[in-house]
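Source file: start05.cif; contents: mmCIF, C-alpha atoms and all ligand atoms.
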```
data_data
loop_
_atom_site.label_atom_id
_atom_site.label_comp_id
_atom_site.auth_asym_id
_atom_site.auth_seq_id
_atom_site.Cartn_x
_atom_site.Cartn_y
_atom_site.Cartn_z
CA MET A 16 34.83 11.55 80.67
CA LYS A 17 36.29 12.96 77.45
CA LYS A 18 36.61 10.45 74.65
CA ASN A 19 37.88 10.63 71.08
CA ILE A 20 35.81 8.28 68.97
CA LEU A 21 36.37 7.25 65.37
CA ILE A 22 33.22 6.19 63.52
CA THR A 23 33.87 4.70 60.07
CA GLY A 24 31.19 4.78 57.38
CA GLY A 25 29.45 7.64 59.18
CA ALA A 26 28.18 9.22 55.95
CA GLY A 27 26.20 6.08 55.06
CA PHE A 28 22.75 5.00 56.20
CA ILE A 29 23.31 3.49 59.66
CA GLY A 30 26.58 5.34 60.29
CA SER A 31 24.91 8.74 59.90
CA HIS A 32 22.35 7.84 62.59
CA VAL A 33 25.14 6.66 64.90
CA VAL A 34 27.18 9.84 64.32
CA ARG A 35 24.11 12.04 64.94
CA LEU A 36 23.23 10.21 68.15
CA PHE A 37 26.79 10.41 69.54
CA VAL A 38 27.36 14.07 68.52
CA ASN A 39 24.06 15.14 70.12
CA LYS A 40 24.16 12.92 73.20
CA TYR A 41 27.84 13.33 74.13
CA PRO A 42 28.95 16.97 73.71
CA ASP A 43 32.13 16.10 75.66
CA TYR A 44 33.22 13.47 73.16
CA ASN A 45 35.09 14.32 69.97
CA ILE A 46 33.46 12.39 67.15
CA TYR A 47 35.54 11.73 64.02
CA ASN A 48 33.51 10.47 61.07
CA LEU A 49 35.82 8.74 58.59
CA ASP A 50 34.32 7.87 55.22
CA LYS A 51 35.55 7.35 51.67
CA LEU A 52 32.27 8.74 50.29
CA THR A 53 31.51 5.94 47.86
CA TYR A 54 28.20 6.11 45.96
CA ALA A 55 26.57 5.19 49.32
CA GLY A 56 28.22 7.89 51.41
CA ASN A 57 26.49 11.25 51.50
CA LEU A 58 27.47 14.15 53.75
CA ALA A 59 24.05 15.70 53.24
CA ASN A 60 22.84 12.96 55.65
CA LEU A 61 24.61 14.92 58.41
CA SER A 62 23.90 18.53 57.43
CA ASP A 63 22.06 19.09 60.75
CA ILE A 64 25.16 18.37 62.86
CA GLU A 65 28.11 19.16 60.57
CA ALA A 66 28.87 22.52 62.23
CA ARG A 67 28.96 21.14 65.77
CA PRO A 68 32.24 21.73 67.64
CA ASN A 69 32.56 18.06 68.67
CA TYR A 70 32.26 16.77 65.06
CA THR A 71 35.02 16.32 62.47
CA PHE A 72 34.77 14.71 59.04
CA VAL A 73 37.78 12.86 57.60
CA LYS A 74 37.65 11.72 54.00
CA ALA A 75 39.72 8.54 53.74
CA ASP A 76 39.70 4.92 52.65
CA ILE A 77 39.88 2.35 55.47
CA CYS A 78 42.13 0.23 53.23
CA ASP A 79 44.85 2.91 53.54
CA LEU A 80 46.83 1.60 56.53
CA GLU A 81 49.17 4.58 56.88
CA THR A 82 46.30 7.07 56.94
CA MET A 83 44.38 4.92 59.44
CA LYS A 84 47.43 4.93 61.75
CA GLU A 85 47.80 8.72 61.41
CA VAL A 86 44.12 9.36 62.15
CA ILE A 87 44.14 7.12 65.25
CA ALA A 88 47.46 8.46 66.56
CA GLU A 89 47.02 12.18 65.83
CA ASN A 90 43.56 12.33 67.36
CA ASN A 91 44.32 10.07 70.29
CA ILE A 92 41.44 7.79 69.34
CA THR A 93 40.39 5.43 72.13
CA GLY A 94 37.20 3.98 70.66
CA ILE A 95 36.49 2.81 67.12
CA ILE A 96 32.99 2.04 65.87
CA HIS A 97 33.50 0.40 62.50
CA LEU A 98 30.58 0.54 60.05
CA ALA A 99 32.33 1.33 56.75
CA ALA A 100 31.58 -1.41 54.23
CA GLU A 101 30.08 -2.25 50.89
CA SER A 102 26.61 -3.27 51.99
CA HIS A 103 24.35 -4.28 49.09
CA VAL A 104 23.96 -8.01 48.35
CA ASP A 105 23.01 -7.50 44.66
CA ARG A 106 26.15 -5.42 44.03
CA SER A 107 28.25 -8.14 45.71
CA ILE A 108 26.91 -10.68 43.23
CA LYS A 109 28.07 -8.45 40.35
CA ASP A 110 31.37 -7.25 41.87
CA PRO A 111 32.62 -9.62 44.60
CA LEU A 112 36.21 -8.33 44.53
CA VAL A 113 35.10 -4.84 45.54
CA PHE A 114 33.46 -6.40 48.61
CA ALA A 115 36.55 -8.43 49.56
CA GLN A 116 38.68 -5.30 49.28
CA ALA A 117 36.48 -2.94 51.31
CA ASN A 118 35.04 -5.35 53.86
CA VAL A 119 37.91 -7.78 54.42
CA MET A 120 41.06 -5.79 53.61
CA GLY A 121 39.53 -2.55 54.92
CA THR A 122 38.65 -4.10 58.29
CA LEU A 123 42.04 -5.78 58.47
CA SER A 124 43.88 -2.54 57.82
CA LEU A 125 41.83 -0.74 60.50
CA LEU A 126 42.54 -3.54 63.00
CA GLN A 127 46.24 -3.43 62.21
CA ALA A 128 46.31 0.36 62.58
CA ALA A 129 44.58 0.16 66.00
CA LYS A 130 46.95 -2.59 67.13
CA GLU A 131 50.08 -0.68 66.04
CA VAL A 132 49.04 2.68 67.48
CA TRP A 133 47.60 1.36 70.76
CA ASN A 134 50.70 -0.82 71.00
CA GLY A 135 49.53 -3.03 73.85
CA ASP A 136 48.13 -0.13 75.93
CA TYR A 137 44.56 -1.33 75.81
CA SER A 138 43.13 0.35 78.91
CA ASP A 139 39.90 2.19 78.01
CA LYS A 140 40.26 1.14 74.35
CA ILE A 141 37.65 -0.66 72.25
CA PHE A 142 37.36 -1.74 68.61
CA TYR A 143 33.64 -2.22 67.98
CA HIS A 144 32.84 -3.99 64.70
CA ILE A 145 29.34 -3.71 63.22
CA SER A 146 28.26 -6.83 61.39
CA THR A 147 25.16 -8.48 60.04
CA ASP A 148 22.86 -11.44 60.68
CA GLU A 149 23.58 -12.60 57.09
CA VAL A 150 26.82 -14.26 58.28
CA TYR A 151 24.66 -16.94 59.94
CA GLY A 152 23.21 -18.04 56.59
CA THR A 153 19.54 -18.85 56.28
CA LEU A 154 16.71 -20.34 58.36
CA ASP A 155 13.74 -22.49 57.46
CA PHE A 156 10.13 -21.65 58.35
CA ASP A 157 10.51 -23.60 61.59
CA GLY A 158 10.36 -20.85 64.21
CA THR A 159 14.09 -21.03 65.00
CA PHE A 160 16.30 -17.95 65.43
CA PHE A 161 19.94 -16.96 64.95
CA THR A 162 21.63 -16.78 68.35
CA GLU A 163 25.18 -15.68 69.18
CA ASP A 164 26.14 -19.39 69.06
CA THR A 165 24.80 -20.09 65.57
CA LYS A 166 27.56 -21.37 63.27
CA TYR A 167 28.62 -19.05 60.45
CA ASP A 168 27.30 -20.15 57.03
CA PRO A 169 27.40 -17.16 54.64
CA HIS A 170 26.01 -17.57 51.11
CA SER A 171 26.49 -14.31 49.21
CA PRO A 172 29.83 -12.61 48.46
CA TYR A 173 28.60 -9.78 50.74
CA SER A 174 27.91 -12.06 53.71
CA ALA A 175 31.11 -14.04 53.07
CA SER A 176 33.10 -10.79 53.18
CA LYS A 177 31.38 -9.71 56.41
CA ALA A 178 31.94 -13.17 57.96
CA SER A 179 35.61 -12.96 57.05
CA SER A 180 35.92 -9.52 58.62
CA ASP A 181 34.22 -10.79 61.82
CA HIS A 182 36.77 -13.63 61.98
CA PHE A 183 39.67 -11.19 61.63
CA VAL A 184 38.27 -9.03 64.44
CA ARG A 185 38.08 -12.05 66.77
CA ALA A 186 41.52 -13.22 65.65
CA TYR A 187 43.03 -9.85 66.67
CA HIS A 188 41.39 -10.25 70.07
CA ASP A 189 42.56 -13.83 70.58
CA THR A 190 46.05 -13.36 69.12
CA TYR A 191 47.04 -9.83 70.14
CA GLY A 192 44.62 -9.09 72.98
CA LEU A 193 42.97 -6.24 71.07
CA PRO A 194 39.77 -5.27 72.94
CA VAL A 195 36.89 -5.94 70.55
CA ILE A 196 33.14 -6.28 70.40
CA VAL A 197 31.15 -7.67 67.44
CA THR A 198 27.44 -7.15 66.89
CA ASN A 199 25.26 -8.83 64.28
CA CYS A 200 22.12 -6.94 63.38
CA SER A 201 19.07 -7.71 61.27
CA ASN A 202 17.68 -5.60 58.38
CA ASN A 203 17.50 -1.89 59.18
CA TYR A 204 14.96 0.57 57.77
CA GLY A 205 14.42 4.31 58.16
CA PRO A 206 15.52 7.68 56.76
CA TYR A 207 18.71 8.13 54.68
CA GLN A 208 18.89 4.58 53.29
CA PHE A 209 20.24 4.44 49.75
CA PRO A 210 17.31 3.71 47.39
CA GLU A 211 18.74 0.46 46.03
CA LYS A 212 17.52 -1.38 49.15
CA LEU A 213 13.98 -2.77 49.22
CA ILE A 214 12.09 -0.21 51.34
CA PRO A 215 13.35 3.13 49.94
CA LEU A 216 13.46 1.71 46.38
CA PHE A 217 9.82 0.66 46.56
CA ILE A 218 8.63 3.93 48.18
CA ASN A 219 10.37 5.89 45.42
CA ASN A 220 9.02 3.62 42.66
CA ILE A 221 5.45 3.89 43.96
CA ARG A 222 5.79 7.65 44.06
CA HIS A 223 6.84 7.60 40.39
CA GLN A 224 4.38 4.77 39.52
CA LYS A 225 7.25 2.54 38.38
CA PRO A 226 7.26 -1.30 38.59
CA LEU A 227 8.09 -2.92 41.95
CA PRO A 228 10.50 -5.81 41.20
CA VAL A 229 9.71 -8.63 43.65
CA TYR A 230 12.43 -11.29 43.61
CA GLY A 231 11.14 -14.86 43.18
CA LYS A 232 7.74 -15.39 44.81
CA GLY A 233 8.23 -12.71 47.46
CA GLU A 234 8.22 -15.40 50.16
CA ASN A 235 11.61 -14.62 51.72
CA VAL A 236 11.46 -13.35 55.29
CA ARG A 237 13.48 -10.53 56.83
CA ASP A 238 13.51 -9.23 60.43
CA TRP A 239 13.17 -5.42 60.34
CA LEU A 240 14.56 -2.96 62.89
CA TYR A 241 14.16 0.84 62.86
CA VAL A 242 17.62 2.31 62.27
CA VAL A 243 17.51 4.66 65.28
CA ASP A 244 16.94 1.63 67.52
CA HIS A 245 20.08 0.05 66.03
CA ALA A 246 22.00 3.26 66.78
CA ARG A 247 20.65 3.16 70.37
CA ALA A 248 21.84 -0.44 70.71
CA ILE A 249 25.30 0.54 69.42
CA ASP A 250 25.45 3.31 72.05
CA VAL A 251 24.55 0.89 74.87
CA ILE A 252 26.98 -1.80 73.68
CA PHE A 253 29.85 0.63 73.00
CA HIS A 254 29.61 1.87 76.60
CA ARG A 255 28.64 -1.28 78.49
CA GLY A 256 29.36 -4.29 76.26
CA LYS A 257 31.90 -6.87 77.41
CA ASN A 258 35.34 -6.99 75.80
CA GLY A 259 35.56 -10.01 73.46
CA ASP A 260 31.80 -10.54 73.38
CA THR A 261 29.22 -10.78 70.60
CA TYR A 262 25.65 -9.44 70.73
CA ASN A 263 22.81 -10.05 68.30
CA ILE A 264 20.56 -7.05 67.59
CA GLY A 265 17.05 -7.47 66.19
CA GLY A 266 13.45 -6.45 66.65
CA PHE A 267 11.61 -9.81 66.71
CA ASN A 268 9.80 -8.35 63.71
CA GLU A 269 9.67 -10.83 60.84
CA TRP A 270 7.95 -9.98 57.58
CA LYS A 271 7.50 -12.00 54.40
CA ASN A 272 8.66 -9.66 51.59
CA ILE A 273 5.32 -9.65 49.78
CA ASP A 274 3.40 -8.80 52.97
CA LEU A 275 5.83 -6.00 53.78
CA ILE A 276 5.53 -4.69 50.21
CA LYS A 277 1.72 -4.56 50.59
CA VAL A 278 2.12 -2.54 53.80
CA ILE A 279 4.45 -0.12 51.98
CA ILE A 280 1.99 0.22 49.08
CA LYS A 281 -0.91 0.85 51.47
CA THR A 282 1.04 3.44 53.47
CA VAL A 283 2.35 5.33 50.42
CA ASP A 284 -1.08 5.35 48.75
CA LYS A 285 -2.70 6.60 51.98
CA LEU A 286 -0.16 9.39 52.45
CA LEU A 287 -0.40 10.43 48.78
CA GLY A 288 -4.19 10.47 49.00
CA ASN A 289 -4.62 7.62 46.46
CA PRO A 290 -7.56 5.21 46.84
CA GLU A 291 -6.51 2.04 48.73
CA GLY A 292 -4.90 -0.57 46.46
CA THR A 293 -4.06 1.91 43.65
CA SER A 294 -0.41 0.86 43.39
CA GLU A 295 -0.78 -2.92 43.85
CA SER A 296 -0.74 -3.33 40.07
CA LEU A 297 2.91 -2.15 40.11
CA ILE A 298 3.98 -5.45 41.74
CA THR A 299 6.13 -7.30 39.18
CA TYR A 300 7.55 -10.72 39.96
CA VAL A 301 11.09 -11.02 38.56
CA THR A 302 13.88 -13.62 38.50
CA ASP A 303 15.03 -14.49 42.00
CA ARG A 304 18.31 -13.18 43.49
CA ALA A 305 21.06 -15.83 43.10
CA GLY A 306 21.64 -17.68 46.40
CA HIS A 307 18.71 -15.79 47.96
CA ASP A 308 18.57 -16.60 51.69
CA LEU A 309 15.05 -17.72 52.64
CA ARG A 310 14.63 -16.39 56.16
CA TYR A 311 16.54 -14.30 58.71
CA ALA A 312 15.37 -13.98 62.33
CA ILE A 313 17.48 -12.67 65.18
CA ASP A 314 17.22 -13.67 68.82
CA SER A 315 18.35 -10.57 70.74
CA THR A 316 17.49 -11.94 74.20
CA LYS A 317 21.10 -11.74 75.38
CA LEU A 318 21.25 -8.00 74.67
CA LYS A 319 17.96 -7.46 76.50
CA ASN A 320 18.92 -9.56 79.52
CA GLU A 321 22.51 -8.35 79.90
CA LEU A 322 22.31 -4.70 78.82
CA GLY A 323 18.58 -3.91 78.98
CA TRP A 324 18.21 -2.84 75.31
CA GLU A 325 14.89 -3.24 73.55
CA PRO A 326 13.50 -1.65 70.35
CA SER A 327 11.60 1.52 71.18
CA LEU A 328 9.37 1.68 68.14
CA GLN A 329 6.53 -0.54 66.96
CA PHE A 330 6.85 -1.48 63.28
CA GLU A 331 3.57 0.21 62.23
CA GLU A 332 4.81 3.52 63.65
CA GLY A 333 8.32 3.05 62.19
CA ILE A 334 7.14 2.28 58.67
CA GLU A 335 4.72 5.24 58.62
CA LYS A 336 7.49 7.58 59.84
CA THR A 337 9.82 6.15 57.19
CA VAL A 338 7.38 6.49 54.28
CA LYS A 339 6.57 10.06 55.37
CA TRP A 340 10.28 10.92 55.52
CA TYR A 341 10.95 9.72 51.95
CA LEU A 342 7.84 11.45 50.60
CA GLU A 343 8.85 14.71 52.31
CA ASN A 344 12.49 14.40 51.20
CA GLN A 345 12.05 13.81 47.48
CA GLU A 346 14.95 16.19 46.84
CA TRP A 347 17.30 13.96 48.87
CA LEU A 348 16.12 10.95 46.85
CA ASP A 349 16.52 12.82 43.55
CA ASN A 350 20.03 13.94 44.51
CA VAL A 351 21.28 10.50 45.53
CA THR A 352 19.79 8.88 42.46
CA SER A 353 21.12 11.54 40.08
CA GLY A 354 24.67 11.61 41.42
CA GLU A 355 24.32 15.37 42.06
CA TYR A 356 25.51 15.04 45.62
CA GLU A 357 28.74 13.39 44.53
CA ASN A 358 29.62 16.39 42.38
CA TYR A 359 28.62 18.82 45.12
CA TYR A 360 30.74 17.24 47.84
CA ARG A 361 33.62 16.48 45.50
CA LYS A 362 33.80 20.22 44.81
CA MET A 363 33.55 20.97 48.52
CA TYR A 364 36.56 18.77 49.23
CA ASN A 365 38.47 19.99 46.16
CA GLN A 366 38.59 16.69 44.38
CA LYS A 367 38.74 16.08 40.67
P1 LIG A 401 25.84 2.01 53.54
O1 LIG A 401 26.21 1.32 52.26
O2 LIG A 401 24.65 2.87 53.58
O3 LIG A 401 27.07 2.89 54.06
C1 LIG A 401 28.39 2.43 54.03
C2 LIG A 401 29.31 3.61 54.22
O4 LIG A 401 30.66 3.11 54.21
C3 LIG A 401 29.22 4.64 53.10
O5 LIG A 401 29.16 5.93 53.66
C4 LIG A 401 30.50 4.46 52.31
O6 LIG A 401 30.99 5.65 51.71
C5 LIG A 401 31.46 3.95 53.39
N1 LIG A 401 32.57 3.16 52.85
C6 LIG A 401 32.50 2.09 52.01
N2 LIG A 401 33.74 1.64 51.72
C7 LIG A 401 34.61 2.43 52.41
C8 LIG A 401 36.02 2.46 52.53
N3 LIG A 401 36.78 1.60 51.86
N4 LIG A 401 36.59 3.37 53.34
C9 LIG A 401 35.81 4.26 54.01
N5 LIG A 401 34.48 4.30 53.91
C10 LIG A 401 33.86 3.40 53.13
O7 LIG A 401 25.74 0.84 54.61
P2 LIG A 401 24.76 0.66 55.86
O8 LIG A 401 23.54 -0.02 55.42
O9 LIG A 401 24.69 1.93 56.60
O10 LIG A 401 25.61 -0.41 56.70
C11 LIG A 401 26.62 0.02 57.63
C12 LIG A 401 27.23 -1.19 58.28
O11 LIG A 401 26.24 -1.95 58.97
C13 LIG A 401 27.88 -2.18 57.29
O12 LIG A 401 29.05 -2.69 57.88
C14 LIG A 401 26.84 -3.27 57.12
O13 LIG A 401 27.45 -4.50 56.80
C15 LIG A 401 26.22 -3.29 58.51
N6 LIG A 401 24.81 -3.73 58.58
C16 LIG A 401 23.86 -3.17 57.77
C17 LIG A 401 22.52 -3.55 57.92
C18 LIG A 401 21.43 -2.95 57.08
O14 LIG A 401 20.29 -3.40 57.14
N7 LIG A 401 21.68 -1.90 56.29
C19 LIG A 401 22.17 -4.52 58.87
C20 LIG A 401 23.19 -5.09 59.66
C21 LIG A 401 24.49 -4.67 59.52
O1 LIG A 402 20.07 -8.67 57.22
C1 LIG A 402 20.93 -7.56 57.27
C2 LIG A 402 21.24 -7.12 55.85
O2 LIG A 402 20.06 -6.51 55.34
C3 LIG A 402 22.41 -6.15 55.78
O3 LIG A 402 23.57 -6.78 56.22
C4 LIG A 402 22.60 -5.63 54.35
O4 LIG A 402 23.63 -4.66 54.32
C5 LIG A 402 21.30 -5.01 53.90
O5 LIG A 402 21.41 -4.58 52.56
C6 LIG A 402 20.14 -6.00 54.04
O6 LIG A 402 20.27 -7.09 53.09
P1 LIG A 402 19.03 -7.68 52.27
O7 LIG A 402 19.54 -8.33 51.05
O8 LIG A 402 18.13 -8.46 53.16
O9 LIG A 402 18.28 -6.28 51.92
P2 LIG A 402 17.57 -5.75 50.59
O10 LIG A 402 16.87 -4.49 50.94
O11 LIG A 402 18.49 -5.74 49.42
O12 LIG A 402 16.46 -6.87 50.30
C7 LIG A 402 15.48 -7.20 51.26
C8 LIG A 402 14.65 -8.35 50.71
O13 LIG A 402 13.89 -7.88 49.58
C9 LIG A 402 15.49 -9.51 50.18
O14 LIG A 402 14.81 -10.73 50.44
C10 LIG A 402 15.55 -9.28 48.68
C11 LIG A 402 14.22 -8.61 48.39
N1 LIG A 402 14.22 -7.61 47.26
C12 LIG A 402 15.16 -6.63 47.30
C13 LIG A 402 15.21 -5.68 46.30
C14 LIG A 402 16.26 -4.59 46.32
C15 LIG A 402 13.27 -7.69 46.26
O15 LIG A 402 12.41 -8.57 46.25
N2 LIG A 402 13.32 -6.74 45.27
C16 LIG A 402 14.26 -5.75 45.24
O16 LIG A 402 14.26 -4.92 44.30
#
```
Could you express the structure from this file as structure tokens?
Amino acid sequence: MKKNILITGGAGFIGSHVVRLFVNKYPDYNIYNLDKLTYAGNLANLSDIEARPNYTFVKADICDLETMKEVIAENNITGIIHLAAESHVDRSIKDPLVFAQANVMGTLSLLQAAKEVWNGDYSDKIFYHISTDEVYGTLDFDGTFFTEDTKYDPHSPYSASKASSDHFVRAYHDTYGLPVIVTNCSNNYGPYQFPEKLIPLFINNIRHQKPLPVYGKGENVRDWLYVVDHARAIDVIFHRGKNGDTYNIGGFNEWKNIDLIKVIIKTVDKLLGNPEGTSESLITYVTDRAGHDLRYAIDSTKLKNELGWEPSLQFEEGIEKTVKWYLENQEWLDNVTSGEYENYYRKMYNQK
């Protein structure tokens, strides 16, 4: 069946993997990638599929209600997969208002646009909102997990803005009957992640023999999922998820930061041909992140039992693939860290 799907934030890290998967897997669908191209959005992430006939890029801000309505109406959009957001916790601590604007007001404007354009005709429509496990707060070292029933308890401005957007999505479902799905995923890793996040930042720093800033004692725990497996889960849930439902997505793959960092060091040193342990001296303990959540761990049993999704990749394989990708794509890293790509694509889209 032909579908017109709007994917927001498709030039970012996870969004680019979702766009690639949908464009390649569903030649009959028209995929519209809508992105504002903030510092985190990079069209070079999609250079392999940008010429495909079922792919269109739209440069726009999700906060712009009128444009959102036009895009949904003119392209007869029936499915929205909403990933556009400010996504970095440290930036949210510095600039919380930017996060409220993009994540709360942006999501609200997209919901309102869908509601107005679909105007009660909800057959075959879905608004799929991509959220995070950080809305659940933090866990102790007691073997418990976040489930879909865990109470929201966000601590950072980022997670508070995502929690707020999740509430608006559910409110549009309960109040106006808008068909929605929400998923909450754990930490993603893989190619095309902006090198301000732990894994790409540390790979790049090791390559350049720069210090590796470990927050606090490095004892915080995150649950890591390969980004392509997240995109696969989004595909399954978009097509078979239940209207009004929530699904947790995670890999049952918890790592203490310092242990993960040692794996990254070992892998980079091996692939660069350095003797084992060469880069361990780069580890530098620094002041902890304010409000730093201790442990995240997702229970994704519901998704496995109801829709049959499971991660396809073992962590050892995923991390080696990831390190290799960054080492082989130094030019991509140099471009996104130098701001070159912004100038390039600004010119391409005739912006000042
Ligand atoms: P990212 O920062 O790499 O990409 C975000 C994209 O959104 C960028 O392309 C950016 O240009 C775009 N964007 C930002 N504000 C916009 C606006 N106002 N209008 C239009 N586009 C805008 O983020 P990511 O890591 O790929 O995360 C994508 C989504 O997944 C986010 O909603 C995030 O909360 C969620 N998430 C991320 C992770 C993770 O580990 N990275 C885990 C769970 C959930
Ligand atoms: O859990 C899902 C979330 O994962 C997503 O919603 C966010 O968008 C995504 O950015 C990520 O958030 P984290 O804060 O967990 O990711 P980050 O890569 O920033 O940090 C991972 C861990 O590493 C965290 O405990 C903080 C620590 N850290 C991070 C950086 C950047 C360091 O010790 N040093 C660093 O320099």
Review point. Using all atoms listed in the file, which of the listed residues (A:Leu318, A:Leu342, A:Leu126, A:Leu286) sits closest to Gly192 of chain A?
Key: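 Of the candidates, the smallest distance to Gly192 of chain A is held by A:Leu126.
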Practice item. Using all atoms listed in the file, determine which residues fall within 9 Å of ligand LIG 402 (chain A), then list them as an MDAnalysis selection string. Key: chainID A and resid 100:105 146:150 173:174 177 199:204 210:217 227:239 271:273 276 300:301 303:304 307:312
Preceding selection exported with C-alpha atoms as an mmCIF file, in the coordinates of the input:
```
data_model
loop_
_atom_site.group_PDB
_atom_site.id
_atom_site.type_symbol
_atom_site.label_atom_id
_atom_site.label_comp_id
_atom_site.auth_asym_id
_atom_site.auth_seq_id
_atom_site.Cartn_x
_atom_site.Cartn_y
_atom_site.Cartn_z
ATOM 1 C CA ALA A 100 31.580 -1.410 54.230
ATOM 2 C CA GLU A 101 30.080 -2.250 50.890
ATOM 3 C CA SER A 102 26.610 -3.270 51.990
ATOM 4 C CA HIS A 103 24.350 -4.280 49.090
ATOM 5 C CA VAL A 104 23.960 -8.010 48.350
ATOM 6 C CA ASP A 105 23.010 -7.500 44.660
ATOM 7 C CA SER A 146 28.260 -6.830 61.390
ATOM 8 C CA THR A 147 25.160 -8.480 60.040
ATOM 9 C CA ASP A 148 22.860 -11.440 60.680
ATOM 10 C CA GLU A 149 23.580 -12.600 57.090
ATOM 11 C CA VAL A 150 26.820 -14.260 58.280
ATOM 12 C CA TYR A 173 28.600 -9.780 50.740
ATOM 13 C CA SER A 174 27.910 -12.060 53.710
ATOM 14 C CA LYS A 177 31.380 -9.710 56.410
ATOM 15 C CA ASN A 199 25.260 -8.830 64.280
ATOM 16 C CA CYS A 200 22.120 -6.940 63.380
ATOM 17 C CA SER A 201 19.070 -7.710 61.270
ATOM 18 C CA ASN A 202 17.680 -5.600 58.380
ATOM 19 C CA ASN A 203 17.500 -1.890 59.180
ATOM 20 C CA TYR A 204 14.960 0.570 57.770
ATOM 21 C CA PRO A 210 17.310 3.710 47.390
ATOM 22 C CA GLU A 211 18.740 0.460 46.030
ATOM 23 C CA LYS A 212 17.520 -1.380 49.150
ATOM 24 C CA LEU A 213 13.980 -2.770 49.220
ATOM 25 C CA ILE A 214 12.090 -0.210 51.340
ATOM 26 C CA PRO A 215 13.350 3.130 49.940
ATOM 27 C CA LEU A 216 13.460 1.710 46.380
ATOM 28 C CA PHE A 217 9.820 0.660 46.560
ATOM 29 C CA LEU A 227 8.090 -2.920 41.950
ATOM 30 C CA PRO A 228 10.500 -5.810 41.200
ATOM 31 C CA VAL A 229 9.710 -8.630 43.650
ATOM 32 C CA TYR A 230 12.430 -11.290 43.610
ATOM 33 C CA GLY A 231 11.140 -14.860 43.180
ATOM 34 C CA LYS A 232 7.740 -15.390 44.810
ATOM 35 C CA GLY A 233 8.230 -12.710 47.460
ATOM 36 C CA GLU A 234 8.220 -15.400 50.160
ATOM 37 C CA ASN A 235 11.610 -14.620 51.720
ATOM 38 C CA VAL A 236 11.460 -13.350 55.290
ATOM 39 C CA ARG A 237 13.480 -10.530 56.830
ATOM 40 C CA ASP A 238 13.510 -9.230 60.430
ATOM 41 C CA TRP A 239 13.170 -5.420 60.340
ATOM 42 C CA LYS A 271 7.500 -12.000 54.400
ATOM 43 C CA ASN A 272 8.660 -9.660 51.590
ATOM 44 C CA ILE A 273 5.320 -9.650 49.780
ATOM 45 C CA ILE A 276 5.530 -4.690 50.210
ATOM 46 C CA TYR A 300 7.550 -10.720 39.960
ATOM 47 C CA VAL A 301 11.090 -11.020 38.560
ATOM 48 C CA ASP A 303 15.030 -14.490 42.000
ATOM 49 C CA ARG A 304 18.310 -13.180 43.490
ATOM 50 C CA HIS A 307 18.710 -15.790 47.960
ATOM 51 C CA ASP A 308 18.570 -16.600 51.690
ATOM 52 C CA LEU A 309 15.050 -17.720 52.640
ATOM 53 C CA ARG A 310 14.630 -16.390 56.160
ATOM 54 C CA TYR A 311 16.540 -14.300 58.710
ATOM 55 C CA ALA A 312 15.370 -13.980 62.330
#
```
Review point. Nearest to Gly24 of chain A: which of A:Thr53, A:Gln127, A:Ser294, A:Thr82 is it, counting all atoms listed in the file?
Key: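 Among A:Thr53, A:Gln127, A:Ser294, A:Thr82, it is A:Thr53 that comes nearest to Gly24 of chain A.
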Practice item. Fewer than 6 positions away in the same chain doesn't count, so skip those; otherwise give me all residues within 10 Å of His182 of chain A, counting all atoms listed in the file, as an NGL selection string. Key: :A and (119 or 167 or 176 or 188 or 197)
Review point. When you draw a straight line from atom N6 of ligand LIG 401 (chain A) to atom CA of Leu98 of chain A, how long is it in Å?
Key: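 Answer for the atom N6 of ligand LIG 401 (chain A) to atom CA of Leu98 of chain A separation: 7.3 Å.
For the pair atom CA of Leu21 of chain A and atom CA of Lys84 of chain A, the separation is 11.9 Å.
Nearest residue to Lys257 of chain A, choosing from A:Glu321, A:Glu291, A:Glu331, A:Asp284 and counting only C-alpha atoms: A:Glu321.
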Check your understanding: In Å, with one decimal, what is the gap from atom CA of Gly25 of chain A to atom CA of Lys74 of chain A?
Key -> 10.5 Å
Point to revise | Selected residue of minimal separation from Glu81 of chain A among A:Thr316, A:Thr190, A:Ser124, A:Ser138, counting only C-alpha atoms | key: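 That would be A:Ser124, the residue with the smallest distance to Glu81 of chain A.
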Exercise for review: Choose the residue, out of A:Phe37, A:Phe142, A:Tyr241, A:Tyr44, that has the smallest atom-to-atom separation from ligand LIG 401 (chain A); count only C-alpha atoms and all ligand atoms.
Suggested key: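 Smallest separation from ligand LIG 401 (chain A) among the options: A:Tyr241.
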Check your understanding: Any idea what's packed within 12 Å of Gly333 of chain A, counting only C-alpha atoms, ignoring anything in its chain fewer than 4 positions away? Could you give it as a list of chain:residue names?
Key -> A:Asn203, A:Tyr204, A:Gly205, A:Pro206, A:Ile214, A:Trp239, A:Leu240, A:Tyr241, A:Val242, A:Val243, A:Asp244, A:Gly266, A:Asn268, A:Val278, A:Ile279, A:Thr282, A:Pro326, A:Ser327, A:Leu328, A:Gln329, A:Thr337, A:Val338, A:Lys339, A:Trp340
Check your understanding: With all atoms listed in the file as the basis for distance, which of A:Asp63, A:Asp79, A:Glu85, A:Glu343 is at the shortest distance from ligand LIG 401 (chain A)?
Key -> A:Asp79
**Study point:** Who sits within 12 Å of Asp136 of chain A, all atoms listed in the file, same chain under 4 positions skipped, as number ranges by chain
**Key:** A: 93, 129-132, 140-141, 191-194
Exercise for review: Quick one: everything within 8 Å of Asp50 of chain A, counting only C-alpha atoms, minus sequence neighbours fewer than 6 positions away in the same chain. Send it as a PyMOL selection string.
Suggested key: chain A and resi 23-26+56+72-77+99
